[in-house]
Amino acid sequence: MTDHPLLMYPWYKEVNIIDKVTQGDILFEMPVPSIKEVEEPPYYKIGRSNIPKGIVLTQACDLENNKIDQVAICPIVELKSVLKSIISKEMPDADYDKLTGKQLKRKHEIIDEIRQGQYLDYYLLNTYTGIDESLNMSYEVVLLRNTFYLPVSVVNTIISHRNGKRLTLLPPYREHLAQAYARNFNRIGLPIDIKVDVSKV
């Protein structure tokens, strides 16, 4: 008897306090630095804000071998809020809660486009339901272009003070997310693309 694919490749596992922060960890209610523009030198001021959820993008091997001092964290938001934002830009007159048939079809297309990676700045995460309801997740999206950096020691201290319970994203989804994150930095746009003259080939 073959195992069900969803059981063979679970998206998440629950992590406890004894585990140090690693790639794929989903951290709840994280304080992150924010930079505001001001009129006096040095023309910026560092403040603090909170993100409801964030996911660690720093490579697991670098964290395990103490090769880095900072942890890269990207925010996570509900898929619904991303859909509302995209639809409001594409269809300014649309009422998200009362979409027409055509608008609803476009909503489904957008979800598929996010899932397939056609929006470079978004990565779709699956749902999670566990015994501990505080760790449950709806369909959510990683904002790949919004990266915050915190010292490794600070992140581990925050985790330990909150009893350490969290989710972590499992392979191969963790590596797939890392690949999507990297595409935001290594893609190269050409000023003029090749137009093939079919008559010559």
# chains A, B, ... in the order shown; residues from 1 in each chain; ligands from 1
>>> residues_around(residues="Phe148 (chain A)", least_positions_apart="3", cutoff="7 Å", atoms="only C-alpha atoms", output="VMD selection string")
chain A and resid 32 72 to 74
>>> write_last_selection(atoms="N, CA and C atoms", output="PDB file, in the first residue's frame")
ATOM      1  N   VAL A  32      10.874  43.766  14.765  1.00  0.00           N
ATOM      2  CA  VAL A  32      11.893  43.970  13.734  1.00  0.00           C
ATOM      3  C   VAL A  32      12.220  45.456  13.641  1.00  0.00           C
ATOM      4  N   ALA A  72      18.204  36.431   8.376  1.00  0.00           N
ATOM      5  CA  ALA A  72      17.301  37.085   7.427  1.00  0.00           C
ATOM      6  C   ALA A  72      15.896  36.542   7.636  1.00  0.00           C
ATOM      7  N   ILE A  73      14.955  37.456   7.841  1.00  0.00           N
ATOM      8  CA  ILE A  73      13.564  37.080   8.107  1.00  0.00           C
ATOM      9  C   ILE A  73      12.652  37.820   7.139  1.00  0.00           C
ATOM     10  N   CYS A  74      11.764  37.089   6.466  1.00  0.00           N
ATOM     11  CA  CYS A  74      10.778  37.708   5.584  1.00  0.00           C
ATOM     12  C   CYS A  74       9.392  37.616   6.220  1.00  0.00           C
TER      13      CYS A  74
END
>>> residues_around(residues="Arg48 (chain A)", least_positions_apart="5", cutoff="8 Å", atoms="only C-alpha atoms", output="list in words")
Pro31, Val32, Pro33 and Ser34 of chain A
>>> write_last_selection(atoms="N, CA and C atoms", output="mmCIF file, in the first residue's frame")
data_model
loop_
_atom_site.group_PDB
_atom_site.id
_atom_site.type_symbol
_atom_site.label_atom_id
_atom_site.label_comp_id
_atom_site.auth_asym_id
_atom_site.auth_seq_id
_atom_site.Cartn_x
_atom_site.Cartn_y
_atom_site.Cartn_z
ATOM 1 N N PRO A 31 9.497 41.259 16.762
ATOM 2 C CA PRO A 31 9.893 42.669 16.696
ATOM 3 C C PRO A 31 11.029 42.822 15.690
ATOM 4 N N VAL A 32 10.874 43.766 14.765
ATOM 5 C CA VAL A 32 11.893 43.970 13.734
ATOM 6 C C VAL A 32 12.220 45.456 13.641
ATOM 7 N N PRO A 33 13.432 45.785 13.186
ATOM 8 C CA PRO A 33 13.803 47.203 13.048
ATOM 9 C C PRO A 33 13.076 47.856 11.881
ATOM 10 N N SER A 34 12.758 49.122 12.042
ATOM 11 C CA SER A 34 12.172 49.889 10.939
ATOM 12 C C SER A 34 12.948 51.197 10.803
#
>>> select_by_dssp(residues="chain A", states="strand (DSSP E)", output="PyMOL selection string")
chain A and resi 12-15+25-37+44-56+70-78+122-125+140-143+148-151+166-169
>>> closest_atom_pairs(of="region 118-197 of chain A", to="region 51-70 of chain A", cutoff="7 Å", atoms="only C-alpha atoms", output="tab-separated table")
residue	atom	partner	partner_atom	distance
A:Tyr149	CA	A:Gln70	CA	5.9
A:Leu150	CA	A:Gln70	CA	5.3
A:Pro151	CA	A:Gln70	CA	4.3
A:Val152	CA	A:Gln70	CA	5.3
A:Ala178	CA	A:Leu57	CA	6.6
>>> atom_distance(atom1="CA of Met91 (chain A)", atom2="CA of Ser138 (chain A)")
24.8 Å
>>> residues_around(residues="region 111-128 of chain A", least_positions_apart="4", cutoff="8 Å", atoms="only C-alpha atoms", output="ChimeraX atom specification")
/A:11-12,79,83,107,135-145,177,180-181,183-184
>>> write_last_selection(atoms="N, CA and C atoms", output="PDB file, in the first residue's frame")
ATOM      1  N   TRP A  11       4.229  19.591   5.120  1.00  0.00           N
ATOM      2  CA  TRP A  11       4.806  20.922   4.945  1.00  0.00           C
ATOM      3  C   TRP A  11       5.548  21.405   6.185  1.00  0.00           C
ATOM      4  N   TYR A  12       5.044  21.041   7.364  1.00  0.00           N
ATOM      5  CA  TYR A  12       5.576  21.624   8.598  1.00  0.00           C
ATOM      6  C   TYR A  12       5.780  20.563   9.679  1.00  0.00           C
ATOM      7  N   LEU A  79      -2.979  35.092   2.586  1.00  0.00           N
ATOM      8  CA  LEU A  79      -3.208  35.114   1.136  1.00  0.00           C
ATOM      9  C   LEU A  79      -4.341  36.075   0.785  1.00  0.00           C
ATOM     10  N   LEU A  83      -4.447  38.924  -2.170  1.00  0.00           N
ATOM     11  CA  LEU A  83      -5.439  38.890  -3.244  1.00  0.00           C
ATOM     12  C   LEU A  83      -6.221  40.196  -3.305  1.00  0.00           C
ATOM     13  N   LYS A 107      -9.706  35.905  -9.811  1.00  0.00           N
ATOM     14  CA  LYS A 107      -9.173  35.627  -8.466  1.00  0.00           C
ATOM     15  C   LYS A 107      -8.515  34.253  -8.440  1.00  0.00           C
ATOM     16  N   LEU A 135      -0.518  27.725  16.755  1.00  0.00           N
ATOM     17  CA  LEU A 135       0.411  27.517  15.649  1.00  0.00           C
ATOM     18  C   LEU A 135      -0.296  27.293  14.314  1.00  0.00           C
ATOM     19  N   ASN A 136      -1.622  27.301  14.330  1.00  0.00           N
ATOM     20  CA  ASN A 136      -2.366  27.058  13.091  1.00  0.00           C
ATOM     21  C   ASN A 136      -2.134  28.173  12.074  1.00  0.00           C
ATOM     22  N   MET A 137      -2.145  27.791  10.811  1.00  0.00           N
ATOM     23  CA  MET A 137      -1.952  28.757   9.722  1.00  0.00           C
ATOM     24  C   MET A 137      -3.011  28.559   8.656  1.00  0.00           C
ATOM     25  N   SER A 138      -3.486  29.686   8.103  1.00  0.00           N
ATOM     26  CA  SER A 138      -4.347  29.643   6.927  1.00  0.00           C
ATOM     27  C   SER A 138      -3.440  29.627   5.703  1.00  0.00           C
ATOM     28  N   TYR A 139      -3.995  29.783   4.505  1.00  0.00           N
ATOM     29  CA  TYR A 139      -3.151  29.966   3.328  1.00  0.00           C
ATOM     30  C   TYR A 139      -2.477  31.320   3.479  1.00  0.00           C
ATOM     31  N   GLU A 140      -1.149  31.332   3.435  1.00  0.00           N
ATOM     32  CA  GLU A 140      -0.418  32.567   3.679  1.00  0.00           C
ATOM     33  C   GLU A 140       0.693  32.741   2.653  1.00  0.00           C
ATOM     34  N   VAL A 141       1.235  33.955   2.595  1.00  0.00           N
ATOM     35  CA  VAL A 141       2.191  34.306   1.551  1.00  0.00           C
ATOM     36  C   VAL A 141       3.434  34.937   2.182  1.00  0.00           C
ATOM     37  N   VAL A 142       4.601  34.471   1.752  1.00  0.00           N
ATOM     38  CA  VAL A 142       5.867  35.075   2.171  1.00  0.00           C
ATOM     39  C   VAL A 142       6.152  36.271   1.265  1.00  0.00           C
ATOM     40  N   LEU A 143       6.441  37.423   1.872  1.00  0.00           N
ATOM     41  CA  LEU A 143       6.794  38.619   1.099  1.00  0.00           C
ATOM     42  C   LEU A 143       8.306  38.611   0.875  1.00  0.00           C
ATOM     43  N   LEU A 144       8.723  38.143  -0.279  1.00  0.00           N
ATOM     44  CA  LEU A 144      10.132  37.857  -0.535  1.00  0.00           C
ATOM     45  C   LEU A 144      11.008  39.096  -0.669  1.00  0.00           C
ATOM     46  N   ARG A 145      10.403  40.237  -0.956  1.00  0.00           N
ATOM     47  CA  ARG A 145      11.202  41.450  -1.152  1.00  0.00           C
ATOM     48  C   ARG A 145      11.289  42.302   0.116  1.00  0.00           C
ATOM     49  N   LEU A 177      11.321  27.376  -1.397  1.00  0.00           N
ATOM     50  CA  LEU A 177      11.177  28.769  -0.969  1.00  0.00           C
ATOM     51  C   LEU A 177      12.501  29.521  -1.112  1.00  0.00           C
ATOM     52  N   ALA A 180      13.042  30.499  -4.653  1.00  0.00           N
ATOM     53  CA  ALA A 180      12.197  31.634  -5.028  1.00  0.00           C
ATOM     54  C   ALA A 180      12.770  32.941  -4.478  1.00  0.00           C
ATOM     55  N   TYR A 181      13.291  32.877  -3.259  1.00  0.00           N
ATOM     56  CA  TYR A 181      13.908  34.057  -2.632  1.00  0.00           C
ATOM     57  C   TYR A 181      15.132  34.509  -3.432  1.00  0.00           C
ATOM     58  N   ARG A 183      15.742  34.076  -6.574  1.00  0.00           N
ATOM     59  CA  ARG A 183      15.390  34.616  -7.897  1.00  0.00           C
ATOM     60  C   ARG A 183      15.171  36.123  -7.860  1.00  0.00           C
ATOM     61  N   ASN A 184      14.794  36.644  -6.701  1.00  0.00           N
ATOM     62  CA  ASN A 184      14.581  38.088  -6.581  1.00  0.00           C
ATOM     63  C   ASN A 184      15.878  38.865  -6.723  1.00  0.00           C
TER      64      ASN A 184
END
>>> residues_around(residues="Ser134 (chain A)", least_positions_apart="3", cutoff="12 Å", atoms="only C-alpha atoms", output="list in words")
Glu14, Leu27, Phe28, Glu29, Lys53, Tyr128, Thr129, Gly130, Ile131, Met137, Ser138, Lys165, Arg166 and Leu167 of chain A
>>> write_last_selection(atoms="N, CA and C atoms", output="compact mmCIF listing (two decimals), in the first residue's frame")
# COMPACT_ATOMS: atom_id res chain seq x y z
N GLU A 14 6.21 20.86 14.24
CA GLU A 14 6.28 21.75 15.39
C GLU A 14 7.64 21.60 16.07
N LEU A 27 8.31 32.32 12.84
CA LEU A 27 8.34 33.00 14.13
C LEU A 27 7.14 33.92 14.23
N PHE A 28 6.44 33.85 15.36
CA PHE A 28 5.22 34.61 15.56
C PHE A 28 5.50 35.89 16.35
N GLU A 29 4.82 36.98 15.94
CA GLU A 29 4.93 38.27 16.64
C GLU A 29 6.39 38.67 16.86
N LYS A 53 3.89 37.36 11.64
CA LYS A 53 4.64 36.13 11.36
C LYS A 53 5.81 36.46 10.46
N TYR A 128 -1.95 24.89 7.94
CA TYR A 128 -1.51 23.96 8.98
C TYR A 128 -2.53 23.96 10.11
N THR A 129 -2.90 22.77 10.55
CA THR A 129 -3.78 22.62 11.70
C THR A 129 -3.16 21.61 12.64
N GLY A 130 -2.87 22.03 13.86
CA GLY A 130 -2.24 21.14 14.84
C GLY A 130 -3.01 21.11 16.14
N ILE A 131 -2.47 20.39 17.09
CA ILE A 131 -3.10 20.30 18.41
C ILE A 131 -3.07 21.67 19.09
N MET A 137 -2.15 27.79 10.81
CA MET A 137 -1.95 28.76 9.72
C MET A 137 -3.01 28.56 8.66
N SER A 138 -3.49 29.69 8.10
CA SER A 138 -4.35 29.64 6.93
C SER A 138 -3.44 29.63 5.70
N LYS A 165 8.04 27.42 21.24
CA LYS A 165 7.15 26.69 20.34
C LYS A 165 6.96 27.46 19.04
N ARG A 166 7.16 26.75 17.93
CA ARG A 166 7.01 27.37 16.62
C ARG A 166 6.89 26.28 15.56
N LEU A 167 6.59 26.69 14.35
CA LEU A 167 6.57 25.78 13.21
C LEU A 167 7.86 25.94 12.43
>>> residues_around(residues="Tyr9 (chain A)", least_positions_apart="6", cutoff="10 Å", atoms="only C-alpha atoms", output="list in words")
Asp3, Leu170, Pro171, Pro172 and Tyr173 of chain A
>>> write_last_selection(atoms="N, CA and C atoms", output="PDB file, in the first residue's frame")
ATOM      1  N   ASP A   3       1.821   5.119   0.608  1.00  0.00           N
ATOM      2  CA  ASP A   3       1.434   6.211   1.495  1.00  0.00           C
ATOM      3  C   ASP A   3       0.834   7.347   0.691  1.00  0.00           C
ATOM      4  N   LEU A 170       9.382  22.316   6.151  1.00  0.00           N
ATOM      5  CA  LEU A 170      10.193  21.129   5.890  1.00  0.00           C
ATOM      6  C   LEU A 170      10.641  21.045   4.427  1.00  0.00           C
ATOM      7  N   PRO A 171      11.753  20.315   4.183  1.00  0.00           N
ATOM      8  CA  PRO A 171      12.140  20.015   2.798  1.00  0.00           C
ATOM      9  C   PRO A 171      11.048  19.159   2.145  1.00  0.00           C
ATOM     10  N   PRO A 172      10.837  19.269   0.829  1.00  0.00           N
ATOM     11  CA  PRO A 172      11.570  20.107  -0.127  1.00  0.00           C
ATOM     12  C   PRO A 172      11.036  21.537  -0.233  1.00  0.00           C
ATOM     13  N   TYR A 173       9.965  21.840   0.537  1.00  0.00           N
ATOM     14  CA  TYR A 173       9.341  23.162   0.429  1.00  0.00           C
ATOM     15  C   TYR A 173      10.292  24.263   0.909  1.00  0.00           C
TER      16      TYR A 173
END
>>> residues_around(residues="Asp19 (chain A)", least_positions_apart="3", cutoff="10 Å", atoms="only C-alpha atoms", output="MDAnalysis selection string")
chainID A and resid 15:16 22 156 159:160 164:165
>>> write_last_selection(atoms="N, CA and C atoms", output="tab-separated table (two decimals), in the first residue's frame")
chain	number	residue	atom	x	y	z
A	15	VAL	N	8.20	22.72	16.47
A	15	VAL	CA	9.54	22.78	17.05
A	15	VAL	C	9.43	23.28	18.48
A	16	ASN	N	10.33	22.81	19.36
A	16	ASN	CA	10.28	23.27	20.75
A	16	ASN	C	11.55	24.04	21.12
A	22	THR	N	16.58	28.03	12.88
A	22	THR	CA	17.16	27.50	11.66
A	22	THR	C	16.33	27.92	10.47
A	156	ASN	N	17.37	33.88	19.03
A	156	ASN	CA	17.31	32.74	19.95
A	156	ASN	C	16.83	33.16	21.33
A	159	ILE	N	13.05	33.61	21.12
A	159	ILE	CA	12.41	32.28	21.07
A	159	ILE	C	12.36	31.66	22.46
A	160	SER	N	13.47	31.71	23.18
A	160	SER	CA	13.53	31.08	24.51
A	160	SER	C	12.59	31.74	25.50
A	164	GLY	N	9.62	28.85	23.08
A	164	GLY	CA	10.26	28.18	21.95
A	164	GLY	C	9.35	27.50	20.97
A	165	LYS	N	8.04	27.42	21.24
A	165	LYS	CA	7.15	26.69	20.34
A	165	LYS	C	6.96	27.46	19.04
>>> atom_distance(atom1="CA of Asp97 (chain A)", atom2="CA of Val77 (chain A)")
18.8 Å
>>> select_by_dssp(residues="region 22-110 of chain A", states="helix (DSSP H, G or I)", output="PDB file with N, CA and C atoms, in the first residue's frame")
ATOM      1  N   ALA A  60      20.415  26.951   6.516  1.00  0.00           N
ATOM      2  CA  ALA A  60      20.540  26.134   7.725  1.00  0.00           C
ATOM      3  C   ALA A  60      21.998  25.814   8.045  1.00  0.00           C
ATOM      4  N   CYS A  61      22.797  25.539   7.009  1.00  0.00           N
ATOM      5  CA  CYS A  61      24.197  25.163   7.249  1.00  0.00           C
ATOM      6  C   CYS A  61      24.981  26.326   7.849  1.00  0.00           C
ATOM      7  N   ASP A  62      24.672  27.552   7.428  1.00  0.00           N
ATOM      8  CA  ASP A  62      25.366  28.717   7.978  1.00  0.00           C
ATOM      9  C   ASP A  62      25.005  28.931   9.444  1.00  0.00           C
ATOM     10  N   LEU A  63      23.737  28.705   9.781  1.00  0.00           N
ATOM     11  CA  LEU A  63      23.301  28.843  11.174  1.00  0.00           C
ATOM     12  C   LEU A  63      23.888  27.728  12.036  1.00  0.00           C
ATOM     13  N   GLU A  64      23.888  26.517  11.496  1.00  0.00           N
ATOM     14  CA  GLU A  64      24.387  25.363  12.254  1.00  0.00           C
ATOM     15  C   GLU A  64      25.876  25.494  12.550  1.00  0.00           C
ATOM     16  N   LEU A  79      -2.979  35.092   2.586  1.00  0.00           N
ATOM     17  CA  LEU A  79      -3.208  35.114   1.136  1.00  0.00           C
ATOM     18  C   LEU A  79      -4.341  36.075   0.785  1.00  0.00           C
ATOM     19  N   LYS A  80      -5.364  36.111   1.623  1.00  0.00           N
ATOM     20  CA  LYS A  80      -6.525  36.960   1.352  1.00  0.00           C
ATOM     21  C   LYS A  80      -6.122  38.430   1.202  1.00  0.00           C
ATOM     22  N   SER A  81      -5.218  38.904   2.051  1.00  0.00           N
ATOM     23  CA  SER A  81      -4.811  40.310   1.989  1.00  0.00           C
ATOM     24  C   SER A  81      -4.035  40.601   0.706  1.00  0.00           C
ATOM     25  N   VAL A  82      -3.229  39.626   0.244  1.00  0.00           N
ATOM     26  CA  VAL A  82      -2.486  39.787  -1.010  1.00  0.00           C
ATOM     27  C   VAL A  82      -3.455  39.820  -2.188  1.00  0.00           C
ATOM     28  N   LEU A  83      -4.447  38.924  -2.170  1.00  0.00           N
ATOM     29  CA  LEU A  83      -5.439  38.890  -3.244  1.00  0.00           C
ATOM     30  C   LEU A  83      -6.221  40.196  -3.305  1.00  0.00           C
ATOM     31  N   LYS A  84      -6.614  40.703  -2.151  1.00  0.00           N
ATOM     32  CA  LYS A  84      -7.349  41.976  -2.108  1.00  0.00           C
ATOM     33  C   LYS A  84      -6.528  43.095  -2.733  1.00  0.00           C
ATOM     34  N   SER A  85      -5.236  43.128  -2.421  1.00  0.00           N
ATOM     35  CA  SER A  85      -4.357  44.168  -2.944  1.00  0.00           C
ATOM     36  C   SER A  85      -4.232  44.078  -4.462  1.00  0.00           C
ATOM     37  N   ILE A  86      -4.013  42.862  -4.980  1.00  0.00           N
ATOM     38  CA  ILE A  86      -3.846  42.680  -6.427  1.00  0.00           C
ATOM     39  C   ILE A  86      -5.145  43.008  -7.160  1.00  0.00           C
ATOM     40  N   ILE A  87      -6.268  42.519  -6.638  1.00  0.00           N
ATOM     41  CA  ILE A  87      -7.559  42.738  -7.287  1.00  0.00           C
ATOM     42  C   ILE A  87      -7.934  44.215  -7.280  1.00  0.00           C
ATOM     43  N   SER A  88      -7.631  44.910  -6.176  1.00  0.00           N
ATOM     44  CA  SER A  88      -7.966  46.336  -6.106  1.00  0.00           C
ATOM     45  C   SER A  88      -7.176  47.150  -7.137  1.00  0.00           C
ATOM     46  N   LYS A  89      -5.960  46.688  -7.477  1.00  0.00           N
ATOM     47  CA  LYS A  89      -5.158  47.377  -8.486  1.00  0.00           C
ATOM     48  C   LYS A  89      -5.639  47.047  -9.898  1.00  0.00           C
ATOM     49  N   GLU A  90      -5.983  45.771 -10.111  1.00  0.00           N
ATOM     50  CA  GLU A  90      -6.433  45.349 -11.440  1.00  0.00           C
ATOM     51  C   GLU A  90      -7.866  45.780 -11.726  1.00  0.00           C
ATOM     52  N   TYR A  96     -14.458  42.926  -3.154  1.00  0.00           N
ATOM     53  CA  TYR A  96     -13.843  41.611  -2.937  1.00  0.00           C
ATOM     54  C   TYR A  96     -14.829  40.589  -2.382  1.00  0.00           C
ATOM     55  N   ASP A  97     -15.748  41.034  -1.546  1.00  0.00           N
ATOM     56  CA  ASP A  97     -16.715  40.114  -0.929  1.00  0.00           C
ATOM     57  C   ASP A  97     -17.905  39.817  -1.831  1.00  0.00           C
ATOM     58  N   LYS A  98     -17.998  40.521  -2.976  1.00  0.00           N
ATOM     59  CA  LYS A  98     -19.113  40.300  -3.899  1.00  0.00           C
ATOM     60  C   LYS A  98     -18.600  40.308  -5.336  1.00  0.00           C
ATOM     61  N   GLY A 101     -18.816  36.765 -11.583  1.00  0.00           N
ATOM     62  CA  GLY A 101     -18.270  35.508 -12.097  1.00  0.00           C
ATOM     63  C   GLY A 101     -16.928  35.702 -12.772  1.00  0.00           C
ATOM     64  N   LYS A 102     -16.824  36.757 -13.584  1.00  0.00           N
ATOM     65  CA  LYS A 102     -15.574  37.043 -14.294  1.00  0.00           C
ATOM     66  C   LYS A 102     -14.467  37.420 -13.311  1.00  0.00           C
ATOM     67  N   GLN A 103     -14.834  38.225 -12.300  1.00  0.00           N
ATOM     68  CA  GLN A 103     -13.846  38.643 -11.298  1.00  0.00           C
ATOM     69  C   GLN A 103     -13.408  37.459 -10.447  1.00  0.00           C
ATOM     70  N   LEU A 104     -14.338  36.568 -10.142  1.00  0.00           N
ATOM     71  CA  LEU A 104     -14.015  35.377  -9.354  1.00  0.00           C
ATOM     72  C   LEU A 104     -13.069  34.461 -10.124  1.00  0.00           C
ATOM     73  N   LYS A 105     -13.285  34.366 -11.428  1.00  0.00           N
ATOM     74  CA  LYS A 105     -12.388  33.571 -12.273  1.00  0.00           C
ATOM     75  C   LYS A 105     -10.981  34.151 -12.230  1.00  0.00           C
ATOM     76  N   ARG A 106     -10.889  35.495 -12.291  1.00  0.00           N
ATOM     77  CA  ARG A 106      -9.574  36.147 -12.238  1.00  0.00           C
ATOM     78  C   ARG A 106      -8.912  35.906 -10.882  1.00  0.00           C
ATOM     79  N   LYS A 107      -9.706  35.905  -9.811  1.00  0.00           N
ATOM     80  CA  LYS A 107      -9.173  35.627  -8.466  1.00  0.00           C
ATOM     81  C   LYS A 107      -8.515  34.253  -8.440  1.00  0.00           C
ATOM     82  N   HIS A 108      -9.186  33.257  -9.009  1.00  0.00           N
ATOM     83  CA  HIS A 108      -8.630  31.905  -9.051  1.00  0.00           C
ATOM     84  C   HIS A 108      -7.348  31.863  -9.888  1.00  0.00           C
ATOM     85  N   GLU A 109      -7.326  32.632 -10.973  1.00  0.00           N
ATOM     86  CA  GLU A 109      -6.124  32.699 -11.817  1.00  0.00           C
ATOM     87  C   GLU A 109      -4.953  33.311 -11.049  1.00  0.00           C
ATOM     88  N   ILE A 110      -5.224  34.358 -10.277  1.00  0.00           N
ATOM     89  CA  ILE A 110      -4.168  35.004  -9.494  1.00  0.00           C
ATOM     90  C   ILE A 110      -3.579  34.025  -8.478  1.00  0.00           C
TER      91      ILE A 110
END
>>> closest_residue(among="A:Asp95, A:Val201, A:Asn163, A:Gln23", to="Glu175 (chain A)", atoms="only C-alpha atoms")
A:Gln23
>>> closest_residue(among="A:Asp132, A:Ser199, A:Gly24, A:Ser49", to="Lys36 (chain A)", atoms="only C-alpha atoms")
A:Ser49
>>> atom_distance(atom1="CA of Glu78 (chain A)", atom2="CA of Ser153 (chain A)")
28.3 Å
